file work16.tsv (TSV, C-alpha atoms)
chain	number	residue	atom	x	y	z
T	1	MET	CA	-27.54	52.50	-70.87
T	2	ASN	CA	-24.01	51.63	-72.10
T	3	LYS	CA	-23.98	48.39	-74.14
T	4	LYS	CA	-26.09	46.08	-71.99
T	5	LEU	CA	-28.21	44.80	-74.84
T	6	VAL	CA	-25.11	43.84	-76.76
T	7	ALA	CA	-23.86	42.04	-73.66
T	8	LEU	CA	-27.09	40.05	-73.61
T	9	ALA	CA	-26.42	38.68	-77.08
T	10	VAL	CA	-22.92	37.71	-76.01
T	11	SER	CA	-24.21	36.00	-72.85
T	12	LEU	CA	-26.79	33.97	-74.74
T	13	ALA	CA	-24.51	32.80	-77.52
T	14	PRO	CA	-22.41	30.16	-75.74
T	15	PHE	CA	-25.37	27.95	-74.90
T	16	ALA	CA	-28.14	29.12	-77.04
T	17	SER	CA	-30.27	25.41	-84.89
T	18	PHE	CA	-33.04	27.69	-85.50
T	19	ALA	CA	-34.31	25.51	-88.36
T	20	ALA	CA	-36.57	23.35	-86.15
T	21	ASN	CA	-34.21	20.39	-85.85
T	22	TYR	CA	-34.05	20.77	-82.06
T	23	SER	CA	-30.71	18.96	-82.12
T	24	VAL	CA	-27.06	19.34	-83.04
T	25	ASP	CA	-25.14	16.89	-85.24
T	26	ALA	CA	-21.92	18.31	-86.69
T	27	ARG	CA	-21.72	15.77	-89.53
T	28	ILE	CA	-25.25	16.45	-90.74
T	29	ASP	CA	-25.00	20.17	-89.92
T	30	ALA	CA	-22.17	20.31	-92.48
T	31	MET	CA	-24.48	18.59	-95.00
T	32	GLY	CA	-27.16	21.25	-94.79
T	33	GLY	CA	-29.09	19.37	-92.10
T	34	ALA	CA	-30.21	16.61	-94.51
T	35	GLY	CA	-30.16	13.72	-92.05
T	36	THR	CA	-33.48	11.89	-92.51
T	37	VAL	CA	-31.79	9.02	-94.37
T	38	ALA	CA	-28.16	10.19	-94.59
T	39	SER	CA	-27.43	10.21	-90.86
T	40	ASP	CA	-25.62	7.27	-89.30
T	41	TYR	CA	-26.83	5.00	-86.50
T	42	LEU	CA	-25.00	7.03	-83.82
T	43	ALA	CA	-27.10	10.15	-84.48
T	44	ALA	CA	-30.29	8.32	-85.52
T	45	GLY	CA	-32.12	9.47	-82.39
T	46	PHE	CA	-31.70	13.06	-83.56
T	47	HIS	CA	-33.05	12.56	-87.08
T	48	ASN	CA	-34.89	9.28	-87.76
T	49	PRO	CA	-35.11	6.33	-85.35
T	50	ALA	CA	-35.25	3.85	-88.25
T	51	LEU	CA	-31.60	4.56	-89.06
T	52	VAL	CA	-30.50	2.71	-85.91
T	53	ALA	CA	-31.30	-0.55	-87.72
T	54	LEU	CA	-30.31	0.37	-91.26
T	55	GLU	CA	-26.74	-0.86	-90.71
T	56	PRO	CA	-27.20	-3.83	-88.31
T	57	THR	CA	-23.57	-4.99	-88.65
T	58	SER	CA	-22.20	-1.68	-87.33
T	59	SER	CA	-20.22	-1.55	-84.10
T	60	PHE	CA	-21.21	-0.39	-80.66
T	61	GLY	CA	-20.60	3.35	-80.52
T	62	VAL	CA	-20.59	6.38	-78.26
T	63	LEU	CA	-21.27	9.92	-79.48
T	64	PHE	CA	-20.24	12.59	-76.97
T	65	PRO	CA	-20.18	15.45	-77.00
T	66	THR	CA	-22.01	17.04	-79.90
T	67	LEU	CA	-22.49	20.76	-79.51
T	68	GLY	CA	-23.10	23.85	-81.57
T	69	VAL	CA	-24.32	27.43	-81.68
T	70	GLN	CA	-25.93	29.65	-84.31
T	71	TYR	CA	-26.31	33.43	-84.34
T	72	ARG	CA	-28.50	35.28	-86.82
T	73	ASP	CA	-28.59	39.07	-86.99
T	74	PRO	CA	-30.09	39.79	-90.42
T	75	ASP	CA	-31.05	43.36	-89.46
T	76	ASP	CA	-27.62	44.23	-88.02
T	77	MET	CA	-29.34	44.79	-84.69
T	78	VAL	CA	-26.28	44.32	-82.49
T	79	ASP	CA	-24.33	47.03	-84.30
T	80	ALA	CA	-27.38	49.31	-84.09
T	81	LEU	CA	-27.61	48.67	-80.34
T	82	ASP	CA	-23.91	49.30	-79.99
T	83	ASP	CA	-24.25	52.59	-81.85
T	84	PHE	CA	-27.23	53.69	-79.76
T	85	GLY	CA	-25.50	52.88	-76.49
T	86	ALA	CA	-22.55	55.12	-77.25
T	87	VAL	CA	-24.64	57.90	-78.83
T	88	TYR	CA	-27.18	58.01	-76.00
T	89	ASP	CA	-24.43	58.19	-73.38
T	90	ARG	CA	-23.09	61.29	-75.11
T	91	PHE	CA	-26.60	62.76	-75.25
T	92	GLN	CA	-27.15	62.18	-71.51
T	93	ALA	CA	-23.82	63.84	-70.76
T	94	ASP	CA	-24.77	66.94	-72.80
T	95	PRO	CA	-28.49	67.04	-73.74
T	96	THR	CA	-28.20	70.70	-74.80
T	97	SER	CA	-26.12	69.80	-77.86
T	98	ASP	CA	-28.12	69.85	-81.09
T	99	ALA	CA	-25.75	67.31	-82.65
T	100	ASN	CA	-26.10	64.93	-79.68
T	101	ARG	CA	-29.87	65.28	-79.78
T	102	THR	CA	-30.08	64.51	-83.49
T	103	ASP	CA	-27.68	61.59	-83.26
T	104	ALA	CA	-29.57	60.03	-80.33
T	105	ALA	CA	-32.94	60.33	-82.06
T	106	ASN	CA	-31.58	58.80	-85.27
T	107	ALA	CA	-29.82	55.97	-83.41
T	108	LEU	CA	-32.99	55.06	-81.49
T	109	SER	CA	-35.06	55.22	-84.68
T	110	ASN	CA	-32.59	52.86	-86.34
T	111	LEU	CA	-33.48	50.17	-83.79
T	112	GLN	CA	-37.12	49.96	-84.83
T	113	ASN	CA	-38.34	46.64	-86.27
T	114	LYS	CA	-35.02	44.86	-85.76
T	115	VAL	CA	-34.55	41.37	-84.30
T	116	ALA	CA	-31.75	38.88	-83.66
T	117	TYR	CA	-31.90	35.12	-83.10
T	118	LEU	CA	-29.56	32.84	-81.17
T	119	SER	CA	-29.80	29.07	-80.86
T	120	GLY	CA	-27.81	25.94	-80.22
T	121	GLY	CA	-27.52	22.81	-78.19
T	122	ILE	CA	-25.56	19.90	-76.79
T	123	GLY	CA	-26.11	16.16	-76.78
T	124	GLY	CA	-24.77	12.65	-76.72
T	125	ALA	CA	-25.78	9.09	-77.61
T	126	ILE	CA	-24.93	5.42	-77.12
T	127	ALA	CA	-25.87	3.08	-79.99
T	128	ILE	CA	-26.11	-0.72	-80.03
T	129	PRO	CA	-26.98	-2.12	-83.49
T	130	THR	CA	-28.00	-5.80	-83.67
T	131	ASN	CA	-29.50	-8.23	-86.16
T	132	SER	CA	-32.87	-8.06	-84.38
T	133	VAL	CA	-33.79	-4.86	-82.52
T	134	SER	CA	-31.22	-2.06	-82.49
T	135	GLY	CA	-31.18	0.70	-79.88
T	136	ASN	CA	-29.88	4.21	-79.47
T	137	PHE	CA	-30.09	5.96	-76.11
T	138	PHE	CA	-29.64	9.71	-76.42
T	139	VAL	CA	-29.84	12.94	-74.47
T	140	LYS	CA	-30.00	16.37	-76.06
T	141	ALA	CA	-30.59	19.89	-74.83
T	142	TYR	CA	-31.54	22.76	-77.10
T	143	THR	CA	-32.08	26.50	-76.62
T	144	GLU	CA	-33.25	29.24	-78.94
T	145	ALA	CA	-33.73	32.90	-78.12
T	146	VAL	CA	-35.12	36.02	-79.75
T	147	VAL	CA	-33.79	39.45	-78.80
T	148	LEU	CA	-36.33	42.20	-79.45
T	149	PRO	CA	-35.85	45.92	-78.81
T	150	GLU	CA	-39.31	47.54	-78.95
T	151	ILE	CA	-38.89	51.23	-79.64
T	152	ALA	CA	-41.62	53.73	-78.76
T	153	SER	CA	-42.06	56.53	-81.28
T	154	SER	CA	-42.78	58.86	-78.36
T	155	ASP	CA	-39.21	58.36	-77.16
T	156	ILE	CA	-37.84	59.52	-80.49
T	157	THR	CA	-40.09	62.60	-80.35
T	158	ALA	CA	-39.10	63.28	-76.73
T	159	ILE	CA	-35.41	63.20	-77.64
T	160	GLU	CA	-35.95	65.46	-80.65
T	161	THR	CA	-37.84	68.06	-78.59
T	162	SER	CA	-35.75	67.98	-75.40
T	163	THR	CA	-33.60	71.04	-74.77
T	164	THR	CA	-32.21	70.81	-71.25
T	165	THR	CA	-32.43	67.21	-69.96
T	166	ALA	CA	-32.47	63.72	-71.45
T	167	PRO	CA	-35.98	62.22	-71.28
T	168	THR	CA	-36.85	59.04	-69.40
T	169	LEU	CA	-37.27	56.36	-72.07
T	170	VAL	CA	-40.16	53.89	-72.17
T	171	SER	CA	-38.72	51.82	-75.04
T	172	GLU	CA	-38.24	48.22	-73.95
T	173	ALA	CA	-35.75	45.45	-74.32
T	174	ARG	CA	-37.34	42.00	-74.52
T	175	VAL	CA	-35.78	38.54	-74.45
T	176	LEU	CA	-37.79	35.44	-75.32
T	177	ALA	CA	-36.05	32.08	-74.95
T	178	PHE	CA	-37.18	28.47	-75.26
T	179	GLY	CA	-35.35	25.41	-74.01
T	180	LEU	CA	-35.99	21.72	-74.68
T	181	VAL	CA	-34.35	18.69	-73.07
T	182	ASP	CA	-35.03	15.25	-74.61
T	183	VAL	CA	-34.10	11.91	-73.08
T	184	GLY	CA	-35.06	9.10	-75.45
T	185	LEU	CA	-34.49	5.56	-76.62
T	186	ALA	CA	-34.68	5.02	-80.38
T	187	LEU	CA	-35.62	1.40	-81.18
T	188	ALA	CA	-35.68	-0.03	-84.71
T	189	GLY	CA	-35.72	-3.26	-86.66
T	190	ASN	CA	-35.74	-4.46	-90.25
T	191	VAL	CA	-38.65	-6.09	-92.05
T	192	GLU	CA	-38.97	-7.58	-95.51
T	193	PHE	CA	-41.59	-5.93	-97.71
T	194	MET	CA	-42.12	-7.07	-101.31
T	195	GLY	CA	-38.57	-8.38	-101.41
T	196	GLN	CA	-37.13	-5.13	-100.08
T	197	ARG	CA	-35.60	-4.35	-96.69
T	198	LEU	CA	-37.43	-1.69	-94.73
T	199	ALA	CA	-36.25	-0.31	-91.38
T	200	ILE	CA	-38.95	0.86	-88.96
T	201	GLY	CA	-38.20	2.83	-85.82
T	202	VAL	CA	-39.87	4.50	-82.86
T	203	THR	CA	-38.53	6.77	-80.13
T	204	PRO	CA	-40.37	7.14	-76.82
T	205	LYS	CA	-38.88	10.07	-74.92
T	206	THR	CA	-39.38	12.33	-71.96
T	207	GLN	CA	-39.21	16.06	-72.44
T	208	LYS	CA	-38.62	19.10	-70.31
T	209	LEU	CA	-39.70	22.45	-71.78
T	210	TYR	CA	-38.58	25.85	-70.54
T	211	THR	CA	-39.34	29.45	-71.42
T	212	TYR	CA	-37.73	32.69	-70.31
T	213	HIS	CA	-39.34	36.08	-70.79
T	214	TYR	CA	-37.51	39.21	-69.72
T	215	GLN	CA	-38.99	42.66	-70.33
T	216	VAL	CA	-37.64	45.98	-69.08
T	217	THR	CA	-37.07	49.53	-70.26
T	218	VAL	CA	-33.81	49.95	-72.11
T	219	GLU	CA	-32.33	52.17	-69.40
T	220	ASP	CA	-33.05	49.60	-66.65
T	221	PHE	CA	-31.88	46.56	-68.58
T	222	ASN	CA	-29.45	44.31	-66.66
T	223	VAL	CA	-27.81	41.46	-68.55
T	224	ASP	CA	-27.66	39.38	-65.35
T	225	ASP	CA	-31.44	39.42	-64.85
T	226	TRP	CA	-32.85	37.84	-68.00
T	227	ASP	CA	-32.56	34.22	-66.76
T	228	ALA	CA	-33.82	34.84	-63.22
T	229	ASP	CA	-36.14	32.17	-61.85
T	230	SER	CA	-39.01	34.65	-61.84
T	231	ASN	CA	-38.69	34.94	-65.65
T	232	ARG	CA	-38.89	31.16	-66.20
T	233	THR	CA	-41.67	28.65	-66.71
T	234	GLU	CA	-41.20	24.91	-67.18
T	235	GLU	CA	-43.22	21.80	-67.99
T	236	SER	CA	-42.50	18.09	-68.30
T	237	GLY	CA	-44.11	15.58	-70.62
T	238	PHE	CA	-43.87	12.53	-72.83
T	239	ASN	CA	-43.45	12.52	-76.59
T	240	MET	CA	-42.62	10.21	-79.47
T	241	ASP	CA	-40.85	10.12	-82.84
T	242	ILE	CA	-41.38	7.55	-85.57
T	243	GLY	CA	-39.52	6.87	-88.79
T	244	ALA	CA	-38.97	4.54	-91.72
T	245	ALA	CA	-36.08	4.04	-94.12
T	246	TRP	CA	-35.80	1.94	-97.29
T	247	GLN	CA	-32.53	1.02	-98.93
T	248	ASN	CA	-31.87	-0.63	-102.29
T	249	GLY	CA	-28.21	-0.61	-103.22
T	250	PRO	CA	-26.96	2.97	-102.89
T	251	MET	CA	-30.47	4.45	-102.93
T	252	ARG	CA	-32.28	5.39	-99.73
T	253	LEU	CA	-35.70	6.87	-99.08
T	254	GLY	CA	-37.16	7.70	-95.70
T	255	PHE	CA	-39.70	9.50	-93.58
T	256	ALA	CA	-39.53	10.89	-90.04
T	257	ALA	CA	-42.21	12.37	-87.80
T	258	LYS	CA	-40.83	14.11	-84.72
T	259	ASN	CA	-42.70	15.26	-81.62
T	260	LEU	CA	-45.97	13.56	-82.54
T	261	ILE	CA	-47.67	14.93	-79.42
T	262	SER	CA	-48.24	18.67	-79.69
T	263	ASN	CA	-47.38	20.74	-76.65
T	264	GLU	CA	-47.52	24.37	-75.63
T	265	ILE	CA	-45.84	26.31	-72.88
T	266	THR	CA	-46.70	29.87	-71.89
T	267	THR	CA	-44.27	32.45	-70.57
T	268	THR	CA	-44.43	33.83	-67.07
T	269	THR	CA	-47.35	35.96	-65.88
T	270	ARG	CA	-44.85	38.41	-64.39
T	271	TRP	CA	-45.20	40.71	-67.39
T	272	ALA	CA	-48.36	42.18	-68.86
T	273	ARG	CA	-47.76	40.49	-72.18
T	274	GLN	CA	-47.55	36.70	-72.44
T	275	TYR	CA	-46.26	34.49	-75.23
T	276	THR	CA	-46.94	30.84	-76.03
T	277	TYR	CA	-44.31	28.56	-77.53
T	278	GLU	CA	-45.82	25.87	-79.76
T	279	LEU	CA	-44.02	22.55	-80.07
T	280	LYS	CA	-45.78	20.73	-82.90
T	281	PRO	CA	-45.08	17.63	-85.01
T	282	LEU	CA	-42.49	18.01	-87.77
T	283	LEU	CA	-42.90	15.72	-90.80
T	284	THR	CA	-39.93	15.28	-93.12
T	285	VAL	CA	-39.21	13.12	-96.17
T	286	GLY	CA	-35.71	12.41	-97.39
T	287	GLY	CA	-33.76	10.72	-100.10
T	288	ALA	CA	-30.08	9.91	-100.46
T	289	TYR	CA	-27.51	8.25	-102.69
T	290	VAL	CA	-24.94	6.59	-100.41
T	291	THR	CA	-21.70	4.83	-101.39
T	292	GLU	CA	-18.45	4.25	-99.53
T	293	LEU	CA	-16.87	7.29	-101.19
T	294	PHE	CA	-19.78	9.66	-101.83
T	295	THR	CA	-23.12	10.65	-100.26
T	296	MET	CA	-25.73	13.05	-101.59
T	297	ALA	CA	-28.91	13.76	-99.61
T	298	LEU	CA	-32.09	15.84	-99.82
T	299	ASP	CA	-34.66	16.52	-97.07
T	300	ILE	CA	-37.97	18.37	-97.38
T	301	ASP	CA	-40.16	19.44	-94.46
T	302	LEU	CA	-43.80	18.69	-95.24
T	303	ASN	CA	-45.27	21.21	-92.79
T	304	GLU	CA	-44.54	24.65	-91.44
T	305	GLN	CA	-43.12	25.09	-87.95
T	306	THR	CA	-44.23	27.97	-85.73
T	307	ARG	CA	-42.73	29.06	-82.43
T	308	PHE	CA	-43.66	32.04	-80.29
T	309	ALA	CA	-47.19	33.42	-80.58
T	310	GLN	CA	-48.84	36.25	-78.64
T	311	ALA	CA	-52.28	37.81	-78.38
T	312	ALA	CA	-50.99	41.39	-78.59
T	313	GLY	CA	-47.86	43.28	-79.52
T	314	PRO	CA	-45.56	43.18	-82.53
T	315	GLU	CA	-45.65	39.94	-84.52
T	316	ILE	CA	-42.62	37.72	-84.19
T	317	LYS	CA	-41.86	36.17	-87.57
T	318	ASP	CA	-40.24	32.87	-86.67
T	319	ASN	CA	-42.14	30.28	-88.74
T	320	THR	CA	-40.00	28.05	-90.97
T	321	GLN	CA	-40.32	25.22	-93.50
T	322	MET	CA	-36.99	23.92	-94.71
T	323	ILE	CA	-35.45	22.23	-97.73
T	324	ARG	CA	-32.01	20.78	-96.96
T	325	PHE	CA	-29.37	19.47	-99.37
T	326	GLY	CA	-25.97	18.01	-98.58
T	327	THR	CA	-23.00	16.07	-99.93
T	328	GLU	CA	-20.11	14.16	-98.41
T	329	PHE	CA	-16.87	12.96	-99.99
T	330	ASN	CA	-15.21	10.18	-98.01
T	331	ALA	CA	-11.48	9.56	-98.43
T	332	TRP	CA	-11.45	5.81	-97.80
T	333	GLY	CA	-12.84	6.12	-94.29
T	334	TRP	CA	-10.04	8.35	-92.99
T	335	ALA	CA	-11.26	11.87	-93.79
T	336	GLN	CA	-14.43	13.50	-95.08
T	337	ALA	CA	-15.27	16.79	-96.80
T	338	ARG	CA	-18.86	18.00	-96.64
T	339	ALA	CA	-21.02	20.80	-97.99
T	340	GLY	CA	-24.69	21.66	-98.06
T	341	TYR	CA	-27.38	24.30	-98.34
T	342	MET	CA	-30.59	25.11	-96.43
T	343	LYS	CA	-33.50	27.07	-97.85
T	344	ASP	CA	-36.50	28.33	-95.88
T	345	LEU	CA	-39.72	28.20	-97.91
T	346	GLU	CA	-41.29	30.75	-95.53
T	347	ASP	CA	-38.44	33.24	-96.13
T	348	THR	CA	-37.99	33.81	-92.41
T	349	LEU	CA	-34.38	32.67	-92.61
T	350	ASP	CA	-31.91	33.53	-95.32
T	351	GLY	CA	-30.36	30.70	-97.31
T	352	THR	CA	-27.49	29.05	-95.47
T	353	LEU	CA	-24.33	27.51	-96.93
T	354	THR	CA	-22.78	24.78	-94.79
T	355	LEU	CA	-19.28	23.32	-94.85
T	356	GLY	CA	-17.50	20.73	-92.77
T	357	LEU	CA	-14.64	18.32	-92.27
T	358	GLY	CA	-14.39	14.93	-90.64
T	359	LEU	CA	-11.43	12.90	-89.42
T	360	SER	CA	-11.84	9.19	-88.63
T	361	PRO	CA	-8.44	7.49	-88.10
T	362	PHE	CA	-8.69	3.69	-88.14
T	363	ASN	CA	-12.45	4.16	-88.45
T	364	THR	CA	-12.55	4.21	-84.65
T	365	VAL	CA	-12.31	7.82	-83.49
T	366	HIS	CA	-14.50	10.29	-85.38
T	367	LEU	CA	-14.11	14.06	-85.09
T	368	ASP	CA	-16.52	16.23	-87.10
T	369	LEU	CA	-16.57	20.01	-87.54
T	370	ALA	CA	-19.20	22.15	-89.28
T	371	ALA	CA	-19.66	25.81	-90.13
T	372	GLN	CA	-22.76	27.70	-91.28
T	373	LEU	CA	-22.21	30.73	-93.51
T	374	ILE	CA	-25.23	33.00	-93.82
T	375	ASP	CA	-24.12	36.63	-94.10
T	376	SER	CA	-21.63	38.95	-92.45
T	377	ASN	CA	-23.86	39.21	-89.36
T	378	SER	CA	-25.07	35.60	-89.15
T	379	TYR	CA	-23.10	32.42	-88.70
T	380	GLY	CA	-22.83	29.20	-86.72
T	381	GLY	CA	-20.68	26.21	-85.97
T	382	SER	CA	-20.76	22.77	-84.38
T	383	LEU	CA	-18.44	19.92	-83.46
T	384	GLN	CA	-18.70	16.39	-82.18
T	385	LEU	CA	-16.62	13.43	-81.13
T	386	ALA	CA	-17.56	9.76	-81.48
T	387	VAL	CA	-15.89	6.44	-80.80
T	388	THR	CA	-16.89	3.10	-82.34
T	389	PHE	CA	-15.74	-0.28	-81.08

call {"tool": "encode", "arguments": {"input": "work16.tsv", "output": "structure tokens"}}
result
Amino acid sequence: MNKKLVALAVSLAPFASFAANYSVDARIDAMGGAGTVASDYLAAGFHNPALVALEPTSSFGVLFPTLGVQYRDPDDMVDALDDFGAVYDRFQADPTSDANRTDAANALSNLQNKVAYLSGGIGGAIAIPTNSVSGNFFVKAYTEAVVLPEIASSDITAIETSTTTAPTLVSEARVLAFGLVDVGLALAGNVEFMGQRLAIGVTPKTQKLYTYHYQVTVEDFNVDDWDADSNRTEESGFNMDIGAAWQNGPMRLGFAAKNLISNEITTTTRWARQYTYELKPLLTVGGAYVTELFTMALDIDLNEQTRFAQAAGPEIKDNTQMIRFGTEFNAWGWAQARAGYMKDLEDTLDGTLTLGLGLSPFNTVHLDLAAQLIDSNSYGGSLQLAVTF
């Protein structure tokens, strides 16, 4: 078996945020993901289309690239896979050894009920704010994957009772991955309501959805096979986001509804077990206090997000409902320090501390970096570059 399952995690990581944002924005990633009213007009298509118009005197801008990756291994699965690979190789070489037999059985048992998640994305945008209707054209691609070893108790028993040869294992390695590509145009304008300025936005967009499902016994696993065409399904469709943002002095309040049209995509029929990925609307409210030197923001998801579902087999716990908090300190437009925190109300994900830095010389070139600190086995990062004219 060697360490093929570990190699899978490595191969997924470079292109594979698991908190249902379906986008990457290094500035807001560093602020705990709280972008419903704290994001700027360049990234408005990722968070709330109304924000394109909230600053109508802003300059034409280009955001490219923005990219990031997140890896979560709360059960220390990769180390357990690594351990099993080495131990089982020794057992196959000498299955008559009592020590090898015991070590192999324990190592396989240690893999039960473990899971790892990988996710990430890339994107870009062009924004044109005006005094009438402002626009933001954006493209973003997002991938998230779940790595699931499914260990048969009979394999553990077979190892424990073998005396002359290593048994043929039926335990499986399974990879489930979902990909989403959005191409959209966020349009927004300002209206006067009871003496207050209110920005209203809408984003029509086309979507391409992908799934990958790879299932094989652990001994036959090949890291090069998981993304074969025969493991993929894909669908195309139309969707829409809407949003609103109110500003009075430094105070902002807003609302965003993303992916208003529910969609589902089912994994390939190649394997006996099928899974359905559910892309459903996400409703979020946000508030922020924004000045030239300081920003503080809070977002709350109003509904739970689910992902992979299946009719049979072990349950995949991947539902989330997030609270996001973030701050930014701006050194007179030249440099920014950011921090934030994300909390999952469903307790699927551990709390995440976020940190980041921004550099914006002459307020023209903007480089943003973000890091996500979860635990010793889970972390993430993102970066982006923007130019305003």

call {"tool": "residues_near_point", "arguments": {"input": "work16.tsv", "point": "(-41.7, 34.9, -96.7)", "cutoff": "12 Å", "atoms": "only C-alpha atoms", "output": "compact mmCIF listing (two decimals) with C-alpha atoms, keeping the file's coordinate frame"}}
result
# COMPACT_ATOMS: atom_id res chain seq x y z
CA GLU T 304 -44.54 24.65 -91.44
CA LYS T 317 -41.86 36.17 -87.57
CA ASP T 318 -40.24 32.87 -86.67
CA ASN T 319 -42.14 30.28 -88.74
CA THR T 320 -40.00 28.05 -90.97
CA GLN T 321 -40.32 25.22 -93.50
CA LYS T 343 -33.50 27.07 -97.85
CA ASP T 344 -36.50 28.33 -95.88
CA LEU T 345 -39.72 28.20 -97.91
CA GLU T 346 -41.29 30.75 -95.53
CA ASP T 347 -38.44 33.24 -96.13
CA THR T 348 -37.99 33.81 -92.41
CA LEU T 349 -34.38 32.67 -92.61
CA ASP T 350 -31.91 33.53 -95.32

call {"tool": "closest_atom_pairs", "arguments": {"input": "work16.tsv", "of": "segment 213-310 of chain T", "to": "segment 18-41 of chain T", "cutoff": "10 Å", "atoms": "only C-alpha atoms", "output": "CSV"}}
result
residue,atom,partner,partner_atom,distance
T:Gly243,CA,T:Thr36,CA,8.7
T:Ala244,CA,T:Val37,CA,8.9
T:Ala245,CA,T:Val37,CA,6.6
T:Trp246,CA,T:Val37,CA,8.6
T:Gln247,CA,T:Val37,CA,9.2
T:Met251,CA,T:Val37,CA,9.8
T:Arg252,CA,T:Val37,CA,6.5
T:Leu253,CA,T:Val37,CA,6.5
T:Gly254,CA,T:Val37,CA,5.7
T:Phe255,CA,T:Thr36,CA,6.7
T:Ala256,CA,T:Thr36,CA,6.6
T:Ala257,CA,T:Thr36,CA,9.9
T:Lys258,CA,T:Asn21,CA,9.2
T:Leu279,CA,T:Ala20,CA,9.6
T:Leu282,CA,T:Ala20,CA,8.1
T:Thr284,CA,T:Thr36,CA,7.3
T:Val285,CA,T:Thr36,CA,6.9
T:Gly286,CA,T:Thr36,CA,5.4
T:Gly287,CA,T:Val37,CA,6.3
T:Ala288,CA,T:Ala38,CA,6.2
T:Tyr289,CA,T:Ala38,CA,8.4
T:Val290,CA,T:Ala38,CA,7.6
T:Thr295,CA,T:Ala38,CA,7.6
T:Met296,CA,T:Ala38,CA,7.9
T:Ala297,CA,T:Ala34,CA,6.0
T:Leu298,CA,T:Ala34,CA,5.7
T:Asp299,CA,T:Ala34,CA,5.1
T:Ile300,CA,T:Ala34,CA,8.5
T:Asp301,CA,T:Ala20,CA,9.9
T:Glu304,CA,T:Ala20,CA,9.7
T:Gln305,CA,T:Ala20,CA,7.0
T:Thr306,CA,T:Ala20,CA,9.0
T:Arg307,CA,T:Ala20,CA,9.2

call {"tool": "closest_residue", "arguments": {"input": "work16.tsv", "among": "T:Gly85, T:Pro204, T:Gly184, T:Gly358", "to": "Gln384 of chain T", "atoms": "all atoms listed in the file"}}
result
T:Gly358

call {"tool": "atom_distance", "arguments": {"input": "work16.tsv", "atom1": "atom CA of Ala386 of chain T", "atom2": "atom CA of Arg72 of chain T"}}
result
28.3 Å

call {"tool": "atom_distance", "arguments": {"input": "work16.tsv", "atom1": "atom CA of Val218 of chain T", "atom2": "atom CA of Glu172 of chain T"}}
result
5.1 Å

call {"tool": "residues_around", "arguments": {"input": "work16.tsv", "residues": "Trp332 of chain T", "least_positions_apart": "3", "cutoff": "12 Å", "atoms": "all atoms listed in the file", "output": "count of residues only"}}
result
14

call {"tool": "closest_residue", "arguments": {"input": "work16.tsv", "among": "T:Gly124, T:Tyr71, T:Ala116, T:Ala173", "to": "Gln372 of chain T", "atoms": "all atoms listed in the file"}}
result
T:Tyr71

call {"tool": "closest_residue", "arguments": {"input": "work16.tsv", "among": "T:Gln215, T:Thr267, T:Leu180, T:Gly333", "to": "Glu150 of chain T", "atoms": "all atoms listed in the file"}}
result
T:Gln215

call {"tool": "atom_distance", "arguments": {"input": "work16.tsv", "atom1": "atom CA of Tyr210 of chain T", "atom2": "atom CA of Ala43 of chain T"}}
result
23.9 Å

call {"tool": "closest_residue", "arguments": {"input": "work16.tsv", "among": "T:Tyr117, T:Phe137, T:Trp334, T:Trp271", "to": "Leu185 of chain T", "atoms": "all atoms listed in the file"}}
result
T:Phe137

call {"tool": "residues_around", "arguments": {"input": "work16.tsv", "residues": "segment 106-115 of chain T", "least_positions_apart": "2", "cutoff": "9 Å", "atoms": "all atoms listed in the file", "output": "ChimeraX atom specification"}}
result
/T:72-78,80-81,83-85,87-88,101-104,117,146-153,155-156,314,316

call {"tool": "write_last_selection", "arguments": {"input": "work16.tsv", "atoms": "C-alpha atoms", "output": "CSV table (one decimal), in the frame of the given file"}}
result
chain,number,residue,atom,x,y,z
T,72,ARG,CA,-28.5,35.3,-86.8
T,73,ASP,CA,-28.6,39.1,-87.0
T,74,PRO,CA,-30.1,39.8,-90.4
T,75,ASP,CA,-31.0,43.4,-89.5
T,76,ASP,CA,-27.6,44.2,-88.0
T,77,MET,CA,-29.3,44.8,-84.7
T,78,VAL,CA,-26.3,44.3,-82.5
T,80,ALA,CA,-27.4,49.3,-84.1
T,81,LEU,CA,-27.6,48.7,-80.3
T,83,ASP,CA,-24.2,52.6,-81.8
T,84,PHE,CA,-27.2,53.7,-79.8
T,85,GLY,CA,-25.5,52.9,-76.5
T,87,VAL,CA,-24.6,57.9,-78.8
T,88,TYR,CA,-27.2,58.0,-76.0
T,101,ARG,CA,-29.9,65.3,-79.8
T,102,THR,CA,-30.1,64.5,-83.5
T,103,ASP,CA,-27.7,61.6,-83.3
T,104,ALA,CA,-29.6,60.0,-80.3
T,117,TYR,CA,-31.9,35.1,-83.1
T,146,VAL,CA,-35.1,36.0,-79.8
T,147,VAL,CA,-33.8,39.4,-78.8
T,148,LEU,CA,-36.3,42.2,-79.4
T,149,PRO,CA,-35.8,45.9,-78.8
T,150,GLU,CA,-39.3,47.5,-79.0
T,151,ILE,CA,-38.9,51.2,-79.6
T,152,ALA,CA,-41.6,53.7,-78.8
T,153,SER,CA,-42.1,56.5,-81.3
T,155,ASP,CA,-39.2,58.4,-77.2
T,156,ILE,CA,-37.8,59.5,-80.5
T,314,PRO,CA,-45.6,43.2,-82.5
T,316,ILE,CA,-42.6,37.7,-84.2

call {"tool": "residues_around", "arguments": {"input": "work16.tsv", "residues": "Lys208 of chain T", "least_positions_apart": "6", "cutoff": "12 Å", "atoms": "only C-alpha atoms", "output": "number ranges by chain"}}
result
T: 139-143, 178-184, 233-239, 263-265, 279

call {"tool": "closest_residue", "arguments": {"input": "work16.tsv", "among": "T:Thr96, T:Thr206, T:Thr211, T:Thr354", "to": "Ser162 of chain T", "atoms": "all atoms listed in the file"}}
result
T:Thr96
